[in-house]
$ cat structure_19.cif   # mmCIF, C-alpha atoms
data_work
#
loop_
_atom_site.label_atom_id
_atom_site.label_comp_id
_atom_site.auth_asym_id
_atom_site.auth_seq_id
_atom_site.Cartn_x
_atom_site.Cartn_y
_atom_site.Cartn_z
CA MET A 1 3.78 39.04 -389.95
CA GLN A 2 3.67 42.55 -391.35
CA LYS A 3 0.73 44.76 -392.19
CA ALA A 4 0.60 47.83 -394.40
CA ILE A 5 -0.91 51.15 -393.41
CA TYR A 6 -1.78 53.59 -396.21
CA THR A 7 -2.35 57.29 -395.50
CA THR A 8 -3.45 59.53 -398.39
CA VAL A 9 -2.01 63.05 -398.15
CA GLY A 10 -2.12 66.12 -400.35
CA ILE A 11 1.02 67.14 -402.15
CA ASP A 12 1.23 70.25 -399.98
CA GLU A 13 1.09 68.06 -396.86
CA LEU A 14 3.77 65.60 -397.93
CA LEU A 15 6.78 67.25 -396.30
CA SER A 16 5.05 67.78 -392.94
CA HIS A 17 4.08 64.10 -392.79
CA VAL A 18 7.63 63.04 -393.76
CA GLN A 19 9.07 65.35 -391.11
CA ALA A 20 6.81 63.75 -388.50
CA LEU A 21 7.97 60.26 -389.51
CA LYS A 22 11.58 61.39 -389.35
CA GLY A 23 10.93 62.79 -385.89
CA VAL A 24 9.89 59.39 -384.51
CA GLY A 25 12.90 57.65 -386.06
CA ALA A 26 11.13 56.02 -389.01
CA ARG A 27 13.37 54.67 -391.75
CA PHE A 28 12.68 55.24 -395.45
CA VAL A 29 12.26 51.96 -397.34
CA GLN A 30 11.27 52.83 -400.91
CA MET A 31 9.21 55.06 -403.16
CA HIS A 32 7.41 54.27 -406.39
CA ALA A 33 5.27 56.06 -408.95
CA GLU A 34 2.48 54.69 -411.11
CA ARG A 35 0.25 56.11 -413.84
CA CYS A 36 -3.50 55.79 -413.37
CA VAL A 37 -5.12 54.30 -416.47
CA ASP A 38 -8.49 55.98 -415.92
CA ASP A 39 -7.51 59.65 -416.00
CA GLY A 40 -3.78 59.66 -416.83
CA SER A 41 -2.81 61.17 -413.49
CA TYR A 42 0.03 59.85 -411.37
CA ARG A 43 0.20 58.30 -407.92
CA LEU A 44 3.23 58.33 -405.62
CA VAL A 45 3.72 55.93 -402.73
CA TYR A 46 6.39 56.54 -400.08
CA THR A 47 7.11 53.58 -397.79
CA PHE A 48 8.59 53.82 -394.27
CA ILE A 49 9.06 51.65 -391.22
CA ASP A 50 9.10 52.93 -387.66
CA VAL A 51 12.02 50.76 -386.55
CA ARG A 52 11.67 51.25 -382.81
CA ALA A 53 7.94 50.50 -382.85
CA ALA A 54 8.54 47.51 -385.14
CA GLN A 55 11.13 46.06 -382.77
CA GLU A 56 8.66 46.35 -379.89
CA HIS A 57 5.85 44.70 -381.85
CA ILE A 58 8.11 41.89 -383.08
CA ALA A 59 9.13 41.17 -379.49
CA GLN A 60 5.46 40.99 -378.49
CA ASP A 61 3.75 39.08 -381.28
CA GLY A 62 6.14 38.86 -384.24
CA SER A 63 4.32 41.51 -386.29
CA TYR A 64 5.09 45.03 -387.40
CA ALA A 65 3.60 47.66 -389.68
CA ILE A 66 4.85 49.24 -392.88
CA GLU A 67 3.64 52.83 -393.20
CA ASN A 68 2.87 54.30 -396.62
CA LEU A 69 2.20 57.90 -397.60
CA VAL A 70 0.14 58.10 -400.79
CA VAL A 71 -0.10 61.20 -402.99
CA GLU A 72 -2.72 60.91 -405.72
CA GLY A 73 -4.03 62.96 -408.63
CA ILE A 74 -0.68 64.38 -409.75
CA ASP A 75 -0.52 65.77 -413.28
CA GLN A 76 2.60 65.67 -415.43
CA TYR A 77 3.42 69.35 -414.95
CA GLN A 78 2.88 69.60 -411.21
CA GLU A 79 5.94 70.20 -409.04
CA ILE A 80 6.60 67.56 -406.39
CA PRO A 81 8.79 68.50 -403.41
CA SER A 82 11.71 66.16 -402.86
CA ILE A 83 11.92 64.49 -399.44
CA SER A 84 15.68 63.97 -399.81
CA SER A 85 16.45 66.71 -397.27
CA TYR A 86 14.95 64.33 -394.69
CA TYR A 87 15.89 61.01 -396.32
CA PRO A 88 18.86 61.23 -398.76
CA ALA A 89 18.32 57.57 -399.72
CA VAL A 90 15.16 58.56 -401.63
CA PHE A 91 17.25 60.20 -404.34
CA PRO A 92 17.60 57.15 -406.66
CA PHE A 93 13.84 56.58 -406.47
CA GLU A 94 12.98 60.22 -407.15
CA ASN A 95 15.49 60.33 -409.98
CA GLU A 96 13.98 57.20 -411.52
CA THR A 97 10.48 58.67 -411.18
CA HIS A 98 11.64 61.71 -413.12
CA ASP A 99 13.37 59.61 -415.78
CA LEU A 100 10.49 57.17 -416.29
CA PHE A 101 7.52 59.51 -416.07
CA GLY A 102 8.96 62.99 -416.59
CA LEU A 103 7.55 64.20 -413.28
CA ALA A 104 9.08 67.40 -411.90
CA ILE A 105 10.61 66.70 -408.49
CA THR A 106 12.15 69.84 -407.03
CA ASP A 107 14.99 70.53 -404.58
CA MET A 108 16.65 67.10 -404.63
CA GLN A 109 19.52 66.87 -402.15
CA ILE A 110 22.16 64.37 -403.21
CA ASP A 111 25.01 64.95 -400.72
CA PHE A 112 25.46 61.52 -399.14
CA LYS A 113 28.60 62.66 -397.24
CA GLY A 114 30.49 59.59 -398.40
CA PHE A 115 27.91 57.06 -397.19
CA PHE A 116 25.43 55.90 -399.81
CA TYR A 117 22.47 54.26 -398.07
CA GLN A 118 24.67 52.22 -395.72
CA VAL A 119 23.05 50.09 -393.07
CA SER A 120 24.34 48.30 -390.00
CA THR A 121 21.80 45.88 -388.52
CA ALA A 122 19.45 43.33 -389.98
CA GLU A 123 16.33 43.27 -387.77
CA PRO A 124 13.55 44.05 -388.41
CA MET A 125 14.88 46.02 -391.35
CA SER A 126 18.38 47.43 -391.60
CA VAL A 127 18.95 50.76 -389.88
CA ILE A 128 21.83 53.06 -388.98
CA THR A 129 21.83 53.29 -385.20
CA PRO A 130 22.34 56.68 -383.49
CA GLU A 131 25.71 55.44 -382.15
CA VAL A 132 26.94 54.51 -385.63
CA LYS A 133 25.67 57.79 -387.09
CA ALA A 134 27.44 59.80 -384.37
CA ALA A 135 30.70 57.87 -384.86
CA ARG A 136 30.60 58.43 -388.62
CA GLU A 137 29.95 62.15 -388.20
CA LYS A 138 32.80 62.39 -385.68
CA ALA A 139 35.14 60.58 -388.08
CA MET A 140 34.26 62.93 -390.92
CA LYS A 141 34.83 66.00 -388.71
CA VAL A 142 38.22 64.67 -387.56
CA ARG A 143 39.28 64.01 -391.14
CA ALA A 144 38.03 67.39 -392.41
CA ALA A 145 39.74 69.29 -389.57
CA ALA A 146 43.06 67.49 -390.09
CA GLU A 147 42.98 68.05 -393.84
CA ALA A 148 42.15 71.75 -393.40
CA LYS A 149 44.95 72.17 -390.84
CA ALA A 150 47.46 70.44 -393.12
CA ARG A 151 46.48 72.58 -396.12
CA LYS A 152 46.69 75.79 -394.08
CA ALA A 153 50.10 74.93 -392.60
CA ALA A 154 51.52 73.97 -395.99
CA ALA A 155 50.21 77.16 -397.61
CA GLU A 156 51.58 79.41 -394.85
CA LYS A 157 55.04 77.82 -394.89
CA ALA A 158 55.23 77.83 -398.68
CA ALA A 159 54.22 81.51 -398.73
CA ALA A 160 56.88 82.36 -396.12
CA ALA A 161 59.52 80.47 -398.10
CA ALA A 162 58.56 82.24 -401.34
CA ALA A 163 58.67 85.64 -399.63
CA ALA A 164 62.12 84.94 -398.18
CA ALA A 165 63.41 83.82 -401.55
CA GLY A 166 61.96 86.92 -403.25
CA GLU A 167 63.55 89.31 -400.76
CA SER A 168 66.94 87.65 -401.18
CA ALA A 169 66.72 87.83 -404.98
CA ALA A 170 65.62 91.49 -404.94
CA SER A 171 68.65 92.53 -402.85
CA ALA A 172 71.10 90.95 -405.31
CA GLY A 173 72.80 93.54 -407.57
CA ASP A 174 75.47 91.53 -409.38
CA ALA A 175 76.23 87.97 -410.40
CA SER A 176 77.76 87.15 -407.05
CA ALA A 177 74.68 88.42 -405.22
CA ALA A 178 72.45 86.55 -407.64
CA ALA A 179 74.33 83.35 -406.83
CA SER A 180 73.82 84.07 -403.16
CA ALA A 181 70.14 84.63 -403.83
CA GLY A 182 70.02 81.24 -405.48
CA ASP A 183 71.55 79.73 -402.37
CA ALA A 184 69.01 81.58 -400.23
CA ALA A 185 66.18 80.29 -402.39
CA GLY A 186 67.51 76.78 -401.92
CA VAL A 187 67.58 77.25 -398.17
CA ALA A 188 64.11 78.82 -398.25
CA ALA A 189 62.82 75.81 -400.15
CA GLN A 190 63.62 73.65 -397.14
CA PRO A 191 60.76 75.07 -395.00
CA ALA A 192 58.41 74.43 -397.94
CA ALA A 193 59.58 70.83 -398.04
CA ALA A 194 59.12 70.67 -394.28
CA ALA A 195 55.60 72.01 -394.73
CA GLY A 196 54.91 69.23 -397.17
CA SER A 197 56.26 66.76 -394.66
CA ASP A 198 54.04 68.23 -391.92
CA ALA A 199 51.04 68.04 -394.23
CA GLN A 200 51.76 64.39 -394.92
CA HIS A 201 52.10 63.76 -391.20
CA ASP A 202 48.77 65.48 -390.48
CA GLU A 203 47.09 63.55 -393.27
CA ALA A 204 48.44 60.28 -391.87
CA ALA A 205 47.18 61.23 -388.42
CA ALA A 206 43.78 62.03 -389.90
CA LYS A 207 43.63 58.62 -391.58
CA VAL A 208 44.52 56.90 -388.30
CA ALA A 209 41.82 58.87 -386.45
CA LEU A 210 39.30 58.10 -389.18
CA LYS A 211 40.10 54.38 -389.06
CA ALA A 212 39.73 54.39 -385.28
CA ALA A 213 36.38 56.19 -385.47
CA GLU A 214 35.11 53.78 -388.11
CA MET A 215 36.11 50.84 -385.92
CA GLU A 216 34.26 52.39 -382.97
CA ALA A 217 31.20 52.73 -385.22
CA LYS A 218 31.36 49.04 -386.09
CA LEU A 219 31.81 48.07 -382.44
CA ALA A 220 28.85 50.24 -381.42
CA ALA A 221 26.66 48.25 -383.80
CA MET A 222 27.77 44.88 -382.43
CA ASP A 223 26.39 42.76 -379.65
CA PRO A 224 28.17 43.93 -376.41
CA GLU A 225 29.72 40.49 -375.79
CA LYS A 226 31.05 40.27 -379.35
CA ALA A 227 32.31 43.87 -379.16
CA ALA A 228 34.25 43.03 -375.98
CA LYS A 229 35.94 40.08 -377.74
CA VAL A 230 36.89 42.30 -380.68
CA HIS A 231 38.28 44.93 -378.29
CA ALA A 232 40.40 42.25 -376.61
CA ALA A 233 41.68 40.93 -379.94
CA LEU A 234 42.64 44.44 -381.08
CA ALA A 235 44.44 45.13 -377.80
CA ALA A 236 46.37 41.88 -378.15
CA LYS A 237 47.38 42.80 -381.70
CA VAL A 238 48.62 46.21 -380.57
CA ALA A 239 50.70 44.55 -377.84
CA ARG A 240 52.23 42.07 -380.33
CA ASP A 241 53.09 44.85 -382.79
CA LYS A 242 54.73 46.84 -379.99
CA GLN A 243 56.85 43.85 -378.94
CA LYS A 244 58.00 43.33 -382.54
CA LYS A 245 59.11 46.97 -382.84
CA GLU A 246 60.99 46.84 -379.55
CA ALA A 247 62.72 43.54 -380.38
#
$ encode --input "structure_19.cif" --output "structure tokens"
Amino acid sequence: MQKAIYTTVGIDELLSHVQALKGVGARFVQMHAERCVDDGSYRLVYTFIDVRAAQEHIAQDGSYAIENLVVEGIDQYQEIPSISSYYPAVFPFENETHDLFGLAITDMQIDFKGFFYQVSTAEPMSVITPEVKAAREKAMKVRAAAEAKARKAAAEKAAAAAAAAGESAASAGDASAAASAGDAAGVAAQPAAAAGSDAQHDEAAAKVALKAAEMEAKLAAMDPEKAAKVHAALAAKVARDKQKKEA
């Protein structure tokens, strides 16, 4: 059984309350806006669940609480601070609130870093575990570093090849020298091609590292016994692939 807790806060208190919820590991669930018929003002309701507390309560008596922050008395021209810097998943709700009611929500942050409201477990409500979050962040850093390294190496080698070709062409004073310069340019183009090859290699390595990190994230979210079976299956597959290559 679940119960709902409603806490009315002022618009200037909203972010501090959201920050406090974030600090205890609460997960954002939804947000909605409604227009009050009596005076034409607007009411915003932000819904959260403290996942850790909910898991404890469910284990004890099967109940947990949904926490709601309520902001009332908003007029159409009042600025509402976005909470997306704490909970990026609120963006679609804030955007819809703006589109439906014309309310001014400021400072929306919409960088989802490639993961749009993804979840990993089902009880009591889906949540990204710290282990999964850390694995995803590590995977993104590995990919970004590899891509940056590949771009830098390719640019440096291409620049060196172009400089070598330019010097050879500048020293040519007749047709024969110009032909030699053309040969030099062709030779200089080889490092540039090699740079491209290196970049492709680095990119491939980045993809392999990313895939490995994503797999670790999935395993971290699994039951330990199931994760061990998956590890064993992957190891067996690697061994079979190695035997095929050596055969």
$ residues_around --input "structure_19.cif" --residues "segment 34-38 of chain A" --least-positions-apart "2" --cutoff "12 Å" --atoms "only C-alpha atoms" --output "PyMOL selection string"
chain A and resi 31-32+40-46+70-76+96-98+100-103
$ atom_distance --input "structure_19.cif" --atom1 "atom CA of Lys152 of chain A" --atom2 "atom CA of Ala135 of chain A"
25.7 Å
$ resolve_selection --input "structure_19.cif" --expression "the PyMOL selection byres ((chain A and resi 106) around 12)" --output "PyMOL selection string"
chain A and resi 77-85+91+94-95+98+103-105+107-109
$ atom_distance --input "structure_19.cif" --atom1 "atom CA of Ile49 of chain A" --atom2 "atom CA of Ala26 of chain A"
5.3 Å
$ atom_distance --input "structure_19.cif" --atom1 "atom CA of Glu67 of chain A" --atom2 "atom CA of Ala4 of chain A"
6.0 Å
$ closest_residue --input "structure_19.cif" --among "A:Ala163, A:Leu69, A:Val230, A:Ala145" --to "Glu13 of chain A" --atoms "all atoms listed in the file"
A:Leu69
$ closest_residue --input "structure_19.cif" --among "A:Ala247, A:Arg27, A:Lys141, A:Ala212" --to "Leu234 of chain A" --atoms "all atoms listed in the file"
A:Ala212
$ resolve_selection --input "structure_19.cif" --expression "the PyMOL selection byres ((chain A and resi 20-22) around 10)" --output "NGL selection string"
:A and (15-19 or 23-28 or 48-50 or 67 or 86-87)
$ resolve_selection --input "structure_19.cif" --expression "the PyMOL selection byres ((chain A and resi 7) around 7)" --output "JSON list (two decimals) with C-alpha atoms, in the coordinates of the input"
[["chain", "number", "residue", "atom", "x", "y", "z"],
["A", 5, "ILE", "CA", -0.91, 51.15, -393.41],
["A", 6, "TYR", "CA", -1.78, 53.59, -396.21],
["A", 8, "THR", "CA", -3.45, 59.53, -398.39],
["A", 9, "VAL", "CA", -2.01, 63.05, -398.15],
["A", 68, "ASN", "CA", 2.87, 54.30, -396.62],
["A", 69, "LEU", "CA", 2.20, 57.90, -397.60],
["A", 70, "VAL", "CA", 0.14, 58.10, -400.79]]
